[in-house]
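So this block is final_28.cif, mmCIF, C-alpha atoms:
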```cif
data_work
#
loop_
_atom_site.label_atom_id
_atom_site.label_comp_id
_atom_site.auth_asym_id
_atom_site.auth_seq_id
_atom_site.Cartn_x
_atom_site.Cartn_y
_atom_site.Cartn_z
CA MET A 1 -5.97 -16.16 32.24
CA ARG A 2 -5.75 -16.92 28.56
CA ARG A 3 -8.99 -16.45 26.70
CA LEU A 4 -10.27 -19.08 24.37
CA GLY A 5 -9.66 -17.95 20.86
CA ASP A 6 -6.41 -16.25 21.82
CA VAL A 7 -4.45 -19.31 20.85
CA GLY A 8 -1.61 -18.50 18.54
CA ARG A 9 -1.98 -14.77 19.09
CA ARG A 10 1.23 -12.96 18.27
CA LYS A 11 2.43 -9.67 19.59
CA ALA A 12 3.37 -6.88 17.24
CA PRO A 13 7.11 -6.73 16.63
CA ALA A 14 8.95 -4.95 19.42
CA THR A 15 10.28 -2.43 16.95
CA PHE A 16 6.83 -0.98 16.41
CA ASP A 17 5.45 1.46 18.89
CA GLU A 18 2.13 3.08 18.14
CA ASP A 19 3.07 5.87 20.55
CA GLU A 20 6.02 6.63 18.29
CA VAL A 21 3.60 7.10 15.42
CA ASP A 22 1.48 9.43 17.56
CA ALA A 23 4.57 11.34 18.66
CA ALA A 24 5.78 11.74 15.09
CA LEU A 25 2.36 12.99 14.04
CA SER A 26 2.11 15.44 16.90
CA ARG A 27 5.44 17.03 15.93
CA GLY A 28 4.36 17.11 12.30
CA ASP A 29 6.78 14.45 11.12
CA LEU A 30 4.41 12.78 8.70
CA PRO A 31 7.07 10.93 6.65
CA HIS A 32 8.46 9.24 9.76
CA ALA A 33 5.04 8.22 11.04
CA PHE A 34 4.12 6.96 7.61
CA THR A 35 7.33 4.97 7.22
CA LEU A 36 6.70 3.31 10.57
CA LEU A 37 3.22 2.29 9.45
CA MET A 38 4.43 0.92 6.13
CA THR A 39 7.11 -1.10 7.87
CA ARG A 40 4.76 -2.50 10.46
CA TYR A 41 1.63 -3.09 8.44
CA GLY A 42 2.84 -3.54 4.86
CA ASP A 43 3.05 -7.32 5.03
CA PRO A 44 -0.13 -7.89 7.07
CA VAL A 45 -2.07 -5.71 4.64
CA TYR A 46 -0.70 -7.63 1.67
CA ARG A 47 -1.46 -11.00 3.26
CA TYR A 48 -4.99 -9.98 4.11
CA ALA A 49 -5.59 -8.62 0.62
CA LEU A 50 -4.11 -11.75 -0.93
CA ALA A 51 -6.30 -14.04 1.13
CA THR A 52 -9.34 -11.90 0.38
CA THR A 53 -8.89 -11.41 -3.35
CA GLY A 54 -6.91 -14.56 -4.15
CA ASP A 55 -4.85 -12.59 -6.64
CA ALA A 56 -1.28 -11.48 -5.99
CA GLN A 57 -1.38 -8.54 -8.41
CA LEU A 58 -4.64 -7.32 -6.99
CA ALA A 59 -3.31 -7.68 -3.47
CA GLU A 60 -0.26 -5.60 -4.35
CA GLU A 61 -2.48 -2.95 -5.90
CA VAL A 62 -4.62 -2.90 -2.77
CA ARG A 63 -1.56 -2.48 -0.57
CA GLN A 64 -0.22 0.44 -2.58
CA GLN A 65 -3.57 2.18 -2.87
CA VAL A 66 -4.16 1.74 0.84
CA PHE A 67 -0.90 3.36 1.85
CA VAL A 68 -1.32 6.24 -0.59
CA GLU A 69 -4.68 6.81 1.07
CA VAL A 70 -3.16 6.49 4.52
CA TYR A 71 -0.55 9.11 3.64
CA ARG A 72 -3.29 11.46 2.50
CA ASP A 73 -5.48 10.98 5.59
CA LEU A 74 -2.87 10.48 8.29
CA PRO A 75 -2.57 14.16 9.25
CA GLY A 76 -6.29 14.28 9.98
CA PHE A 77 -6.37 10.91 11.68
CA GLY A 78 -4.72 12.22 14.83
CA GLY A 79 -4.94 9.01 16.86
CA ARG A 80 -8.73 9.14 17.14
CA ALA A 81 -8.84 5.34 17.05
CA PRO A 82 -6.35 2.48 17.08
CA VAL A 83 -4.29 2.68 13.92
CA ARG A 84 -4.78 -0.97 13.04
CA GLY A 85 -8.57 -0.78 13.01
CA TRP A 86 -8.50 2.39 10.94
CA LEU A 87 -6.01 0.89 8.50
CA PHE A 88 -7.97 -2.31 8.00
CA THR A 89 -11.16 -0.39 7.40
CA ILE A 90 -9.39 1.17 4.42
CA VAL A 91 -7.98 -2.19 3.35
CA ARG A 92 -11.41 -3.78 3.45
CA HIS A 93 -12.92 -1.08 1.27
CA ARG A 94 -10.14 -1.23 -1.28
CA CYS A 95 -10.45 -5.03 -1.46
CA LEU A 96 -14.17 -4.74 -2.07
CA ASP A 97 -13.72 -2.00 -4.68
CA LEU A 98 -11.06 -3.82 -6.66
CA THR A 99 -12.82 -7.15 -6.47
CA LYS A 100 -15.97 -5.52 -7.85
CA GLN A 101 -14.00 -3.84 -10.61
CA VAL A 102 -12.45 -7.14 -11.63
CA ARG A 103 -15.84 -8.88 -11.60
CA ARG A 104 -17.33 -6.14 -13.75
CA TRP A 105 -14.44 -6.42 -16.20
CA TRP A 106 -14.86 -10.18 -16.53
CA LEU A 107 -18.58 -9.89 -16.97
CA ARG A 108 -18.27 -7.17 -19.59
CA TYR A 109 -15.42 -8.56 -21.64
CA LYS A 110 -15.52 -12.28 -20.99
CA ASN A 111 -19.18 -12.71 -20.10
CA GLU A 112 -18.21 -14.88 -17.15
CA LEU A 113 -16.88 -14.53 -13.65
CA PRO A 114 -13.22 -14.87 -12.71
CA GLY A 115 -12.06 -18.33 -11.65
CA ASP A 116 -14.71 -19.60 -9.34
CA PRO A 117 -13.04 -22.01 -6.94
CA GLU A 118 -14.68 -25.23 -6.02
CA SER A 119 -17.07 -23.40 -3.80
CA GLY A 120 -19.08 -25.72 -1.66
CA ARG A 121 -17.89 -28.80 -3.50
CA ILE A 122 -15.12 -29.81 -1.19
CA ALA A 123 -17.13 -29.33 1.96
CA GLY A 124 -18.93 -32.50 2.72
CA LEU A 125 -16.51 -34.89 1.06
CA VAL A 126 -15.23 -36.03 4.39
CA THR A 127 -17.72 -37.48 6.72
CA ASP A 128 -15.65 -39.31 9.28
CA GLN A 129 -13.65 -37.77 12.07
CA THR A 130 -9.92 -37.87 11.47
CA GLU A 131 -6.87 -36.48 13.08
CA LEU A 132 -5.06 -35.76 9.86
CA MET A 133 -4.61 -32.17 10.89
CA ASP A 134 -2.50 -33.31 13.80
CA GLN A 135 -0.08 -34.93 11.42
CA ILE A 136 1.25 -31.96 9.54
CA ASP A 137 3.15 -28.92 10.67
CA ARG A 138 1.67 -25.48 10.92
CA HIS A 139 3.32 -24.11 7.83
CA ARG A 140 1.95 -26.80 5.58
CA LEU A 141 -1.40 -26.64 7.30
CA ALA A 142 -1.42 -22.90 6.59
CA GLN A 143 -0.92 -23.62 2.89
CA VAL A 144 -3.94 -25.90 2.85
CA VAL A 145 -5.99 -23.44 4.87
CA GLU A 146 -5.08 -20.66 2.43
CA ARG A 147 -6.45 -22.70 -0.43
CA CYS A 148 -9.59 -23.55 1.51
CA LEU A 149 -10.32 -19.96 2.49
CA SER A 150 -11.41 -19.36 -1.07
CA THR A 151 -14.28 -21.80 -0.58
CA LEU A 152 -15.85 -19.57 2.06
CA ALA A 153 -18.43 -16.95 1.28
CA PRO A 154 -16.81 -13.49 1.13
CA ALA A 155 -18.40 -12.24 4.33
CA ALA A 156 -17.37 -15.36 6.23
CA ARG A 157 -13.85 -15.23 4.83
CA GLU A 158 -13.56 -11.61 5.83
CA ALA A 159 -14.64 -12.35 9.40
CA VAL A 160 -12.24 -15.28 9.73
CA LEU A 161 -9.32 -13.32 8.31
CA LEU A 162 -9.86 -10.25 10.46
CA ARG A 163 -10.29 -12.34 13.59
CA TYR A 164 -7.65 -15.01 13.14
CA GLN A 165 -5.22 -13.93 10.45
CA GLN A 166 -5.02 -10.29 11.52
CA GLU A 167 -5.88 -11.15 15.12
CA LEU A 168 -8.30 -8.32 15.67
CA SER A 169 -10.69 -8.70 18.57
CA TYR A 170 -14.33 -9.10 17.63
CA ASP A 171 -14.95 -5.53 18.75
CA GLU A 172 -12.17 -4.24 16.47
CA ALA A 173 -13.35 -6.38 13.58
CA ALA A 174 -16.86 -5.05 14.12
CA GLU A 175 -15.58 -1.50 13.75
CA VAL A 176 -13.80 -2.41 10.54
CA THR A 177 -16.79 -4.13 8.96
CA GLY A 178 -19.62 -2.12 10.46
CA GLU A 179 -21.22 -5.34 11.72
CA ARG A 180 -22.06 -6.32 15.29
CA PRO A 181 -19.51 -8.45 17.15
CA GLY A 182 -22.13 -11.16 17.69
CA THR A 183 -22.79 -11.36 13.96
CA LEU A 184 -19.10 -11.84 13.28
CA GLN A 185 -18.87 -14.52 15.98
CA GLN A 186 -21.72 -16.39 14.30
CA ARG A 187 -20.05 -16.10 10.91
CA VAL A 188 -16.76 -17.42 12.21
CA ALA A 189 -18.49 -20.21 14.10
CA ARG A 190 -20.19 -21.28 10.87
CA ALA A 191 -17.10 -20.82 8.74
CA LEU A 192 -14.59 -22.80 10.78
CA PRO A 193 -16.39 -26.16 10.37
CA VAL A 194 -16.51 -25.58 6.61
CA LEU A 195 -12.85 -24.73 6.62
CA ARG A 196 -12.00 -27.77 8.67
CA LYS A 197 -13.90 -30.09 6.32
CA CYS A 198 -12.16 -28.56 3.34
CA VAL A 199 -8.76 -28.95 4.98
CA GLU A 200 -9.40 -32.58 5.76
CA ALA A 201 -10.58 -33.20 2.21
CA GLN A 202 -7.47 -31.53 0.82
CA LEU A 203 -5.21 -33.58 3.05
CA ARG A 204 -6.96 -36.78 2.07
CA THR A 205 -6.67 -36.05 -1.63
CA GLY A 206 -2.99 -35.14 -1.36
CA GLY A 207 -3.21 -31.36 -1.36
CA PRO A 208 -0.21 -29.34 -0.24
CA GLY A 209 1.35 -31.05 2.71
CA GLY A 210 -1.00 -33.98 2.56
CA PRO A 211 0.13 -37.52 3.17
CA GLY A 212 0.99 -37.84 -0.49
CA GLY A 213 2.34 -34.31 -0.90
CA SER A 214 5.94 -33.29 -1.17
CA THR A 215 7.79 -31.73 1.72
CA MET B 1 -21.68 -42.79 16.54
CA THR B 2 -19.77 -39.59 17.09
CA CYS B 3 -21.02 -36.42 18.74
CA GLU B 4 -21.22 -33.50 16.31
CA ARG B 5 -22.42 -31.02 18.86
CA TYR B 6 -19.18 -29.09 19.00
CA TRP B 7 -19.25 -28.03 15.33
CA ARG B 8 -22.92 -27.12 15.56
CA GLU B 9 -23.04 -25.30 18.89
CA GLY B 10 -19.90 -25.69 20.99
CA ILE B 11 -17.73 -23.68 18.65
CA LEU B 12 -19.83 -20.59 19.25
CA PHE B 13 -18.97 -20.80 22.95
CA ASP B 14 -15.32 -20.60 21.94
CA GLU B 15 -15.88 -17.59 19.70
CA ARG B 16 -17.70 -15.82 22.50
CA GLY B 17 -15.01 -16.77 25.00
CA GLU B 18 -17.50 -18.71 27.08
CA ARG B 19 -17.21 -22.08 28.76
CA ASP B 20 -18.96 -25.12 27.26
CA SER B 21 -19.60 -27.58 30.10
CA HIS B 22 -20.68 -30.34 27.71
CA ARG B 23 -17.17 -30.53 26.33
CA ASP B 24 -15.79 -31.55 29.71
CA THR B 25 -17.62 -34.85 29.43
CA CYS B 26 -17.44 -35.52 25.68
CA ASP B 27 -14.35 -36.98 24.03
CA ASP B 28 -15.59 -36.22 20.51
CA CYS B 29 -16.14 -32.57 21.36
CA ARG B 30 -12.73 -32.28 23.00
CA ARG B 31 -11.15 -33.70 19.88
CA ALA B 32 -13.16 -31.35 17.68
CA HIS B 33 -12.09 -28.46 19.89
CA ARG B 34 -8.46 -29.50 19.41
CA GLU B 35 -8.95 -29.49 15.64
CA ARG B 36 -10.42 -26.03 15.83
CA GLU B 37 -7.37 -24.91 17.82
CA LEU B 38 -5.04 -26.28 15.14
CA LEU B 39 -6.99 -24.47 12.47
CA VAL B 40 -6.96 -21.21 14.37
CA ARG B 41 -3.24 -21.48 15.01
CA ALA B 42 -2.60 -21.98 11.31
CA LEU B 43 -4.57 -18.92 10.21
CA PRO B 44 -2.00 -16.28 11.24
CA GLU B 45 0.48 -18.15 9.04
CA VAL B 46 -1.68 -17.89 5.93
CA GLY B 47 0.29 -16.10 3.26
CA ALA B 48 3.18 -15.48 5.66
CA ALA B 49 5.75 -16.60 3.11
CA ARG B 50 4.39 -14.27 0.43
CA VAL B 51 5.48 -10.68 0.65
CA GLY B 52 4.62 -9.30 -2.79
CA ASP B 53 6.71 -6.74 -4.61
CA PRO B 54 9.90 -6.07 -2.61
CA ASP B 55 9.93 -2.49 -3.97
CA TRP B 56 6.35 -1.73 -3.01
CA GLN B 57 7.30 1.09 -0.65
CA SER B 58 9.12 2.91 -3.47
CA HIS B 59 6.03 2.57 -5.63
CA VAL B 60 3.92 4.06 -2.88
CA TRP B 61 6.26 7.03 -2.53
CA ARG B 62 6.18 7.54 -6.27
CA ARG B 63 2.39 7.45 -6.37
CA ILE B 64 2.30 9.98 -3.58
CA ALA B 65 4.71 12.25 -5.45
CA ARG B 66 2.60 12.02 -8.60
CA ARG B 67 -0.58 12.67 -6.69
CA GLU B 68 0.93 15.71 -5.01
CA THR B 69 2.03 17.04 -8.39
CA SER B 70 -1.35 16.50 -10.02
CA ARG B 71 -3.14 17.90 -7.00
CA ALA B 72 -1.01 21.01 -7.22
CA ARG B 73 -1.94 21.33 -10.90
CA ARG B 74 -5.61 20.76 -10.16
CA SER B 75 -5.58 23.28 -7.36
CA TYR B 76 -4.02 25.76 -9.72
CA TRP B 77 -6.77 25.40 -12.29
CA LEU B 78 -9.59 25.28 -9.78
CA GLY B 79 -8.31 28.33 -8.03
CA GLY B 80 -8.05 30.09 -11.34
CA ALA B 81 -11.64 29.22 -12.26
CA LEU B 82 -12.96 30.45 -8.95
CA ALA B 83 -11.10 33.71 -9.06
CA ALA B 84 -11.23 34.74 -12.69
CA ALA B 85 -10.39 38.32 -12.01
CA GLY B 86 -7.44 37.32 -9.89
CA LEU B 87 -6.34 34.96 -12.58
CA LEU B 88 -6.38 37.67 -15.19
CA ALA B 89 -4.23 39.78 -12.98
CA ALA B 90 -1.91 36.83 -12.44
CA ILE B 91 -1.70 36.20 -16.16
CA ALA B 92 -0.87 39.83 -16.75
CA LEU B 93 1.85 39.60 -14.14
CA TYR B 94 3.05 36.32 -15.57
CA LEU B 95 3.25 37.72 -19.08
CA THR B 96 5.33 40.64 -17.95
CA ARG B 97 7.86 38.13 -16.62
CA GLN B 98 7.81 35.90 -19.69
CA PRO B 99 10.76 36.20 -22.06
CA PRO B 100 9.71 38.15 -25.16
CA GLU B 101 8.75 36.20 -28.28
CA GLY B 102 11.78 35.27 -30.34
CA TRP B 103 14.10 35.32 -27.39
CA THR B 104 17.31 33.88 -28.81
CA ALA B 105 19.56 31.26 -27.38
CA GLU B 106 22.16 33.96 -26.81
CA SER B 107 19.83 36.07 -24.75
CA ALA B 108 18.89 33.00 -22.76
CA GLU B 109 22.43 32.90 -21.47
CA ARG B 110 21.88 35.91 -19.27
CA PRO B 111 21.67 35.19 -15.51
CA LEU B 112 18.26 34.42 -14.10
CA GLY B 113 17.14 36.74 -11.34
CA ALA B 114 16.26 35.60 -7.86
CA GLY B 115 12.54 36.23 -8.34
CA GLY B 116 10.32 33.28 -9.14
CA ARG B 117 12.78 30.54 -8.32
CA PRO B 118 12.67 27.60 -8.73
CA ARG B 119 12.17 28.18 -12.44
CA ILE B 120 12.44 25.76 -15.33
CA GLU B 121 12.95 26.73 -18.97
CA ILE B 122 13.34 24.74 -22.11
CA VAL B 123 15.81 26.45 -24.40
CA SER B 124 15.30 25.43 -28.00
CA SER B 125 17.59 26.56 -30.77
CA GLN B 126 15.31 29.54 -31.34
CA THR B 127 13.43 30.44 -28.22
CA ALA B 128 13.26 29.94 -24.51
CA VAL B 129 9.81 28.96 -23.28
CA ARG B 130 8.10 27.39 -20.32
CA SER B 131 6.94 24.00 -21.44
CA SER B 132 6.33 20.41 -20.36
CA SER B 133 7.73 18.93 -23.56
CA ALA B 134 10.89 19.36 -25.57
CA ARG B 135 12.81 17.96 -28.49
CA VAL B 136 16.11 16.17 -28.61
CA GLY B 137 18.85 18.77 -28.77
CA ASP B 138 17.00 21.33 -26.68
CA ARG B 139 18.43 22.39 -23.38
CA VAL B 140 16.76 22.61 -20.02
CA ARG B 141 17.74 25.32 -17.61
CA ILE B 142 16.66 25.11 -13.99
CA ALA B 143 17.26 27.95 -11.57
CA VAL B 144 16.85 27.42 -7.85
CA GLY B 145 17.26 29.59 -4.80
CA PRO B 146 20.03 29.59 -2.20
CA GLY B 147 20.67 26.22 -0.53
CA SER B 148 18.57 24.27 -3.04
CA GLU B 149 19.87 21.66 -5.40
CA VAL B 150 18.86 20.25 -8.78
CA ARG B 151 18.63 16.66 -9.96
CA ILE B 152 17.74 15.55 -13.46
CA TYR B 153 16.65 11.95 -14.08
CA ARG B 154 16.10 10.18 -17.36
CA ALA B 155 14.17 6.89 -17.26
CA ASP B 156 14.27 7.19 -13.47
CA ARG B 157 18.10 7.29 -13.43
CA LEU B 158 20.10 10.28 -12.32
CA VAL B 159 21.86 12.05 -15.20
CA LEU B 160 22.75 15.38 -13.59
CA HIS B 161 23.20 16.35 -9.97
CA CYS B 162 23.90 19.92 -8.95
CA PRO B 163 24.45 20.15 -5.18
CA ALA B 164 23.85 23.56 -3.62
CA TRP B 165 26.62 26.09 -4.03
CA GLN B 166 28.89 23.72 -5.97
CA THR B 167 30.32 24.27 -9.42
CA SER B 168 30.53 21.31 -11.75
CA PRO B 169 29.82 20.65 -15.43
CA GLY B 170 26.29 21.91 -16.06
CA CYS B 171 25.97 23.44 -12.59
CA THR B 172 26.70 27.12 -11.97
CA PRO B 173 26.13 28.84 -8.64
CA ASP B 174 25.09 32.47 -8.93
CA ALA B 175 24.16 35.26 -6.57
CA ALA B 176 20.57 34.05 -6.37
CA GLY B 177 21.35 30.35 -5.88
CA LEU B 178 22.19 27.92 -8.61
CA VAL B 179 21.49 27.33 -12.31
CA ALA B 180 21.61 23.86 -13.84
CA ASP B 181 21.91 23.63 -17.59
CA ALA B 182 21.74 20.38 -19.52
CA VAL B 183 21.33 19.33 -23.13
CA LEU B 184 18.52 16.86 -23.71
CA THR B 185 20.44 14.32 -25.75
CA THR B 186 18.00 11.43 -25.72
CA ALA B 187 14.27 11.07 -26.27
CA GLY B 188 12.27 9.83 -23.32
CA ASP B 189 10.76 10.83 -20.02
CA TYR B 190 12.82 13.16 -17.90
CA HIS B 191 12.09 14.08 -14.29
CA LEU B 192 13.33 17.43 -13.08
CA VAL B 193 13.66 17.59 -9.33
CA THR B 194 14.46 20.62 -7.25
CA VAL B 195 15.28 19.85 -3.65
CA THR B 196 15.32 22.22 -0.74
CA SER B 197 17.21 21.37 2.43
CA ALA B 198 18.77 18.24 0.98
CA THR B 199 20.62 16.28 3.63
CA VAL B 200 21.34 13.09 1.75
CA ASP B 201 23.17 12.47 -1.50
CA PRO B 202 21.08 10.81 -4.20
CA ALA B 203 21.67 7.13 -4.84
CA GLY B 204 20.70 7.59 -8.49
CA VAL B 205 17.23 6.02 -8.62
CA LEU B 206 14.29 8.43 -8.64
CA ASP B 207 11.92 6.66 -6.27
CA ARG B 208 14.53 5.92 -3.66
CA ASP B 209 15.99 9.37 -3.85
CA LEU B 210 12.62 11.04 -3.38
CA ALA B 211 11.83 8.75 -0.48
CA ALA B 212 15.20 9.57 1.06
CA VAL B 213 14.54 13.28 0.75
CA VAL B 214 11.20 12.92 2.48
CA ASP B 215 12.67 10.62 5.13
CA ALA B 216 15.34 13.21 5.87
CA GLY B 217 12.69 15.85 6.38
CA GLY B 218 13.45 17.66 3.12
CA ASP B 219 11.09 18.86 0.46
CA TYR B 220 11.18 18.52 -3.29
CA ARG B 221 9.36 19.57 -6.42
CA LEU B 222 9.04 17.12 -9.29
CA THR B 223 8.38 18.17 -12.88
CA ASP B 224 7.88 15.64 -15.65
CA LEU B 225 9.32 16.48 -19.05
CA SER B 226 8.71 14.49 -22.21
CA VAL B 227 11.46 14.74 -24.80
CA ARG B 228 10.64 13.66 -28.36
#
```
Would you mind writing the file's structure down as structure tokens?
Amino acid sequence: MRRLGDVGRRKAPATFDEDEVDAALSRGDLPHAFTLLMTRYGDPVYRYALATTGDAQLAEEVRQQVFVEVYRDLPGFGGRAPVRGWLFTIVRHRCLDLTKQVRRWWLRYKNELPGDPESGRIAGLVTDQTELMDQIDRHRLAQVVERCLSTLAPAAREAVLLRYQQELSYDEAAEVTGERPGTLQQRVARALPVLRKCVEAQLRTGGPGGPGGST
Amino acid sequence: MTCERYWREGILFDERGERDSHRDTCDDCRRAHRERELLVRALPEVGAARVGDPDWQSHVWRRIARRETSRARRSYWLGGALAAAGLLAAIALYLTRQPPEGWTAESAERPLGAGGRPRIEIVSSQTAVRSSSARVGDRVRIAVGPGSEVRIYRADRLVLHCPAWQTSPGCTPDAAGLVADAVLTTAGDYHLVTVTSATVDPAGVLDRDLAAVVDAGGDYRLTDLSVR
């Protein structure tokens, strides 16, 4: 039976086999194991970092730092835990580190914070129930959702991304963040209504893919 | 008046994977649930079209190579600090192997012995020294052991390739392996690479070539050289 919340869940590409990574590691073939990981997780790591930091350059930096770190620690990793959870724990820390560095830089040299999106402003603009979301395709909806993710508080955004962009279970996401699964469930349950209101507001005002937007 | 219960409470049932019996009898909540499903389906697509730098893997390999090089240097110095007596002995040994002061270009032409390979020397017009910098017009001589090969890159592009055992301009096999000899004609950053167990020919771009060596199970040593 399909669990609620598993909607849209995608399988890892058939070309990736975590056992192959384990096998490569056990015969000491670190470069092969590492190449497999880069191929499989390079894009997901970048997308997560991009959605978390909102900055393409920063996301690229996160991705490269993460994999350098993975290369360093992979021999000692030895399949103690699922690779994905381990990897995203590193990704999360690097995102936090770099975001803090950027904030410090802005505060020191510009005496302000980097572009603060319309946090909290969009939510609440729409009060009536609509079915606008039904009217656009998933790709365009994803564009609007991407924009709206920046309106969430960092902890809420992190929980939503780990659960639904990276499709980790709540238990896996809890290992990555060090929070309890129930806490993450609460965060997601509070974040999704905010996200939905933002999406509807964007669609109403002609955001990407909105009724007035281009195709 | 619409029912807002789903967004307040019902959604948590979904996140927990539990059944919400109220939804079975409430049209508003069913519609809200459908909106939540659309949202959740869209989230895996967020950023899907954006892949970042297409060469990011090469950059990662390069960072790893640099880190390995600097770690090797750091280990060298730390080890030396911890074992001062051993270091002194090593220095004494090292000095006995150094070419004498004033070693001329002519004397630099003599064959390099098998000991201590791979070995890199900068041959200026006056002396041969071990160094990490050189001037335009100097020569670099790299001696490697049997089966190893030498690659010299300038601005990340291959300028000299000496495959193992093969004779070609600037590449001379000898009894102890191979000696590559090149004139540094242009200022800039050079990368001197010695490769053991090479199984793939270089494509000509540093990052890719190093990645290919590692992929093929080979090993390499990278030395940066600044030419002014």
Q) Smallest atom-to-atom distance to chain B: which of A:Phe34, A:Ala142, A:Leu149, A:Ala155, using all atoms listed in the file? A)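 Comparing A:Phe34, A:Ala142, A:Leu149, A:Ala155 against chain B, the winner is A:Ala142.
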I need the output of the PyMOL selection byres ((chain B) within 9 of (chain A)) for this file as an mmCIF file with C-alpha atoms, in the coordinates of the input; which residues are they?
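Output file expr16.cif is given in full below:
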```
data_model
loop_
_atom_site.group_PDB
_atom_site.id
_atom_site.type_symbol
_atom_site.label_atom_id
_atom_site.label_comp_id
_atom_site.auth_asym_id
_atom_site.auth_seq_id
_atom_site.Cartn_x
_atom_site.Cartn_y
_atom_site.Cartn_z
ATOM 1 C CA THR B 2 -19.770 -39.590 17.090
ATOM 2 C CA TRP B 7 -19.250 -28.030 15.330
ATOM 3 C CA ARG B 8 -22.920 -27.120 15.560
ATOM 4 C CA GLU B 9 -23.040 -25.300 18.890
ATOM 5 C CA GLY B 10 -19.900 -25.690 20.990
ATOM 6 C CA ILE B 11 -17.730 -23.680 18.650
ATOM 7 C CA LEU B 12 -19.830 -20.590 19.250
ATOM 8 C CA PHE B 13 -18.970 -20.800 22.950
ATOM 9 C CA ASP B 14 -15.320 -20.600 21.940
ATOM 10 C CA GLU B 15 -15.880 -17.590 19.700
ATOM 11 C CA ARG B 16 -17.700 -15.820 22.500
ATOM 12 C CA GLY B 17 -15.010 -16.770 25.000
ATOM 13 C CA GLU B 18 -17.500 -18.710 27.080
ATOM 14 C CA ARG B 19 -17.210 -22.080 28.760
ATOM 15 C CA ASP B 28 -15.590 -36.220 20.510
ATOM 16 C CA ARG B 31 -11.150 -33.700 19.880
ATOM 17 C CA ALA B 32 -13.160 -31.350 17.680
ATOM 18 C CA GLU B 35 -8.950 -29.490 15.640
ATOM 19 C CA ARG B 36 -10.420 -26.030 15.830
ATOM 20 C CA GLU B 37 -7.370 -24.910 17.820
ATOM 21 C CA LEU B 38 -5.040 -26.280 15.140
ATOM 22 C CA LEU B 39 -6.990 -24.470 12.470
ATOM 23 C CA VAL B 40 -6.960 -21.210 14.370
ATOM 24 C CA ARG B 41 -3.240 -21.480 15.010
ATOM 25 C CA ALA B 42 -2.600 -21.980 11.310
ATOM 26 C CA LEU B 43 -4.570 -18.920 10.210
ATOM 27 C CA PRO B 44 -2.000 -16.280 11.240
ATOM 28 C CA GLU B 45 0.480 -18.150 9.040
ATOM 29 C CA VAL B 46 -1.680 -17.890 5.930
ATOM 30 C CA GLY B 47 0.290 -16.100 3.260
ATOM 31 C CA ALA B 48 3.180 -15.480 5.660
ATOM 32 C CA ARG B 50 4.390 -14.270 0.430
ATOM 33 C CA VAL B 51 5.480 -10.680 0.650
ATOM 34 C CA GLY B 52 4.620 -9.300 -2.790
ATOM 35 C CA ASP B 53 6.710 -6.740 -4.610
ATOM 36 C CA TRP B 56 6.350 -1.730 -3.010
ATOM 37 C CA GLN B 57 7.300 1.090 -0.650
ATOM 38 C CA HIS B 59 6.030 2.570 -5.630
ATOM 39 C CA VAL B 60 3.920 4.060 -2.880
ATOM 40 C CA TRP B 61 6.260 7.030 -2.530
ATOM 41 C CA ARG B 63 2.390 7.450 -6.370
ATOM 42 C CA ILE B 64 2.300 9.980 -3.580
ATOM 43 C CA ARG B 67 -0.580 12.670 -6.690
ATOM 44 C CA ALA B 211 11.830 8.750 -0.480
ATOM 45 C CA VAL B 214 11.200 12.920 2.480
ATOM 46 C CA ASP B 215 12.670 10.620 5.130
ATOM 47 C CA ALA B 216 15.340 13.210 5.870
ATOM 48 C CA GLY B 217 12.690 15.850 6.380
#
```
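One distance worth recording is that between atom CA of Gly147 of chain B and atom CA of Gly177 of chain B, which is 6.8 Å.
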Q | Gap from atom CA of Ala65 of chain B to atom CA of Ile152 of chain B - Å, one decimal | A |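 Distance reported for this atom pair: 15.6 Å.
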Q: Evaluate the PyMOL selection byres ((chain B and resi 223) around 12) here and jot the selected residues down as a PyMOL selection string.
A: chain B and resi 65-66+68-70+72-73+118-121+130-133+140+142+150-154+189-195+220-222+224-226
Q: Using all atoms listed in the file, find all polymer residues with an atom at most 10 Å away from the point (19.4, 8.1, -7.1); report them as an NGL selection string.
A: :B and (151-153 or 156-159 or 161 or 201-210 or 212)
**Q.** Å distance separating atom CA of Thr25 of chain B from atom CA of Ala191 of chain A, one decimal place
**A.** 25.0 Å
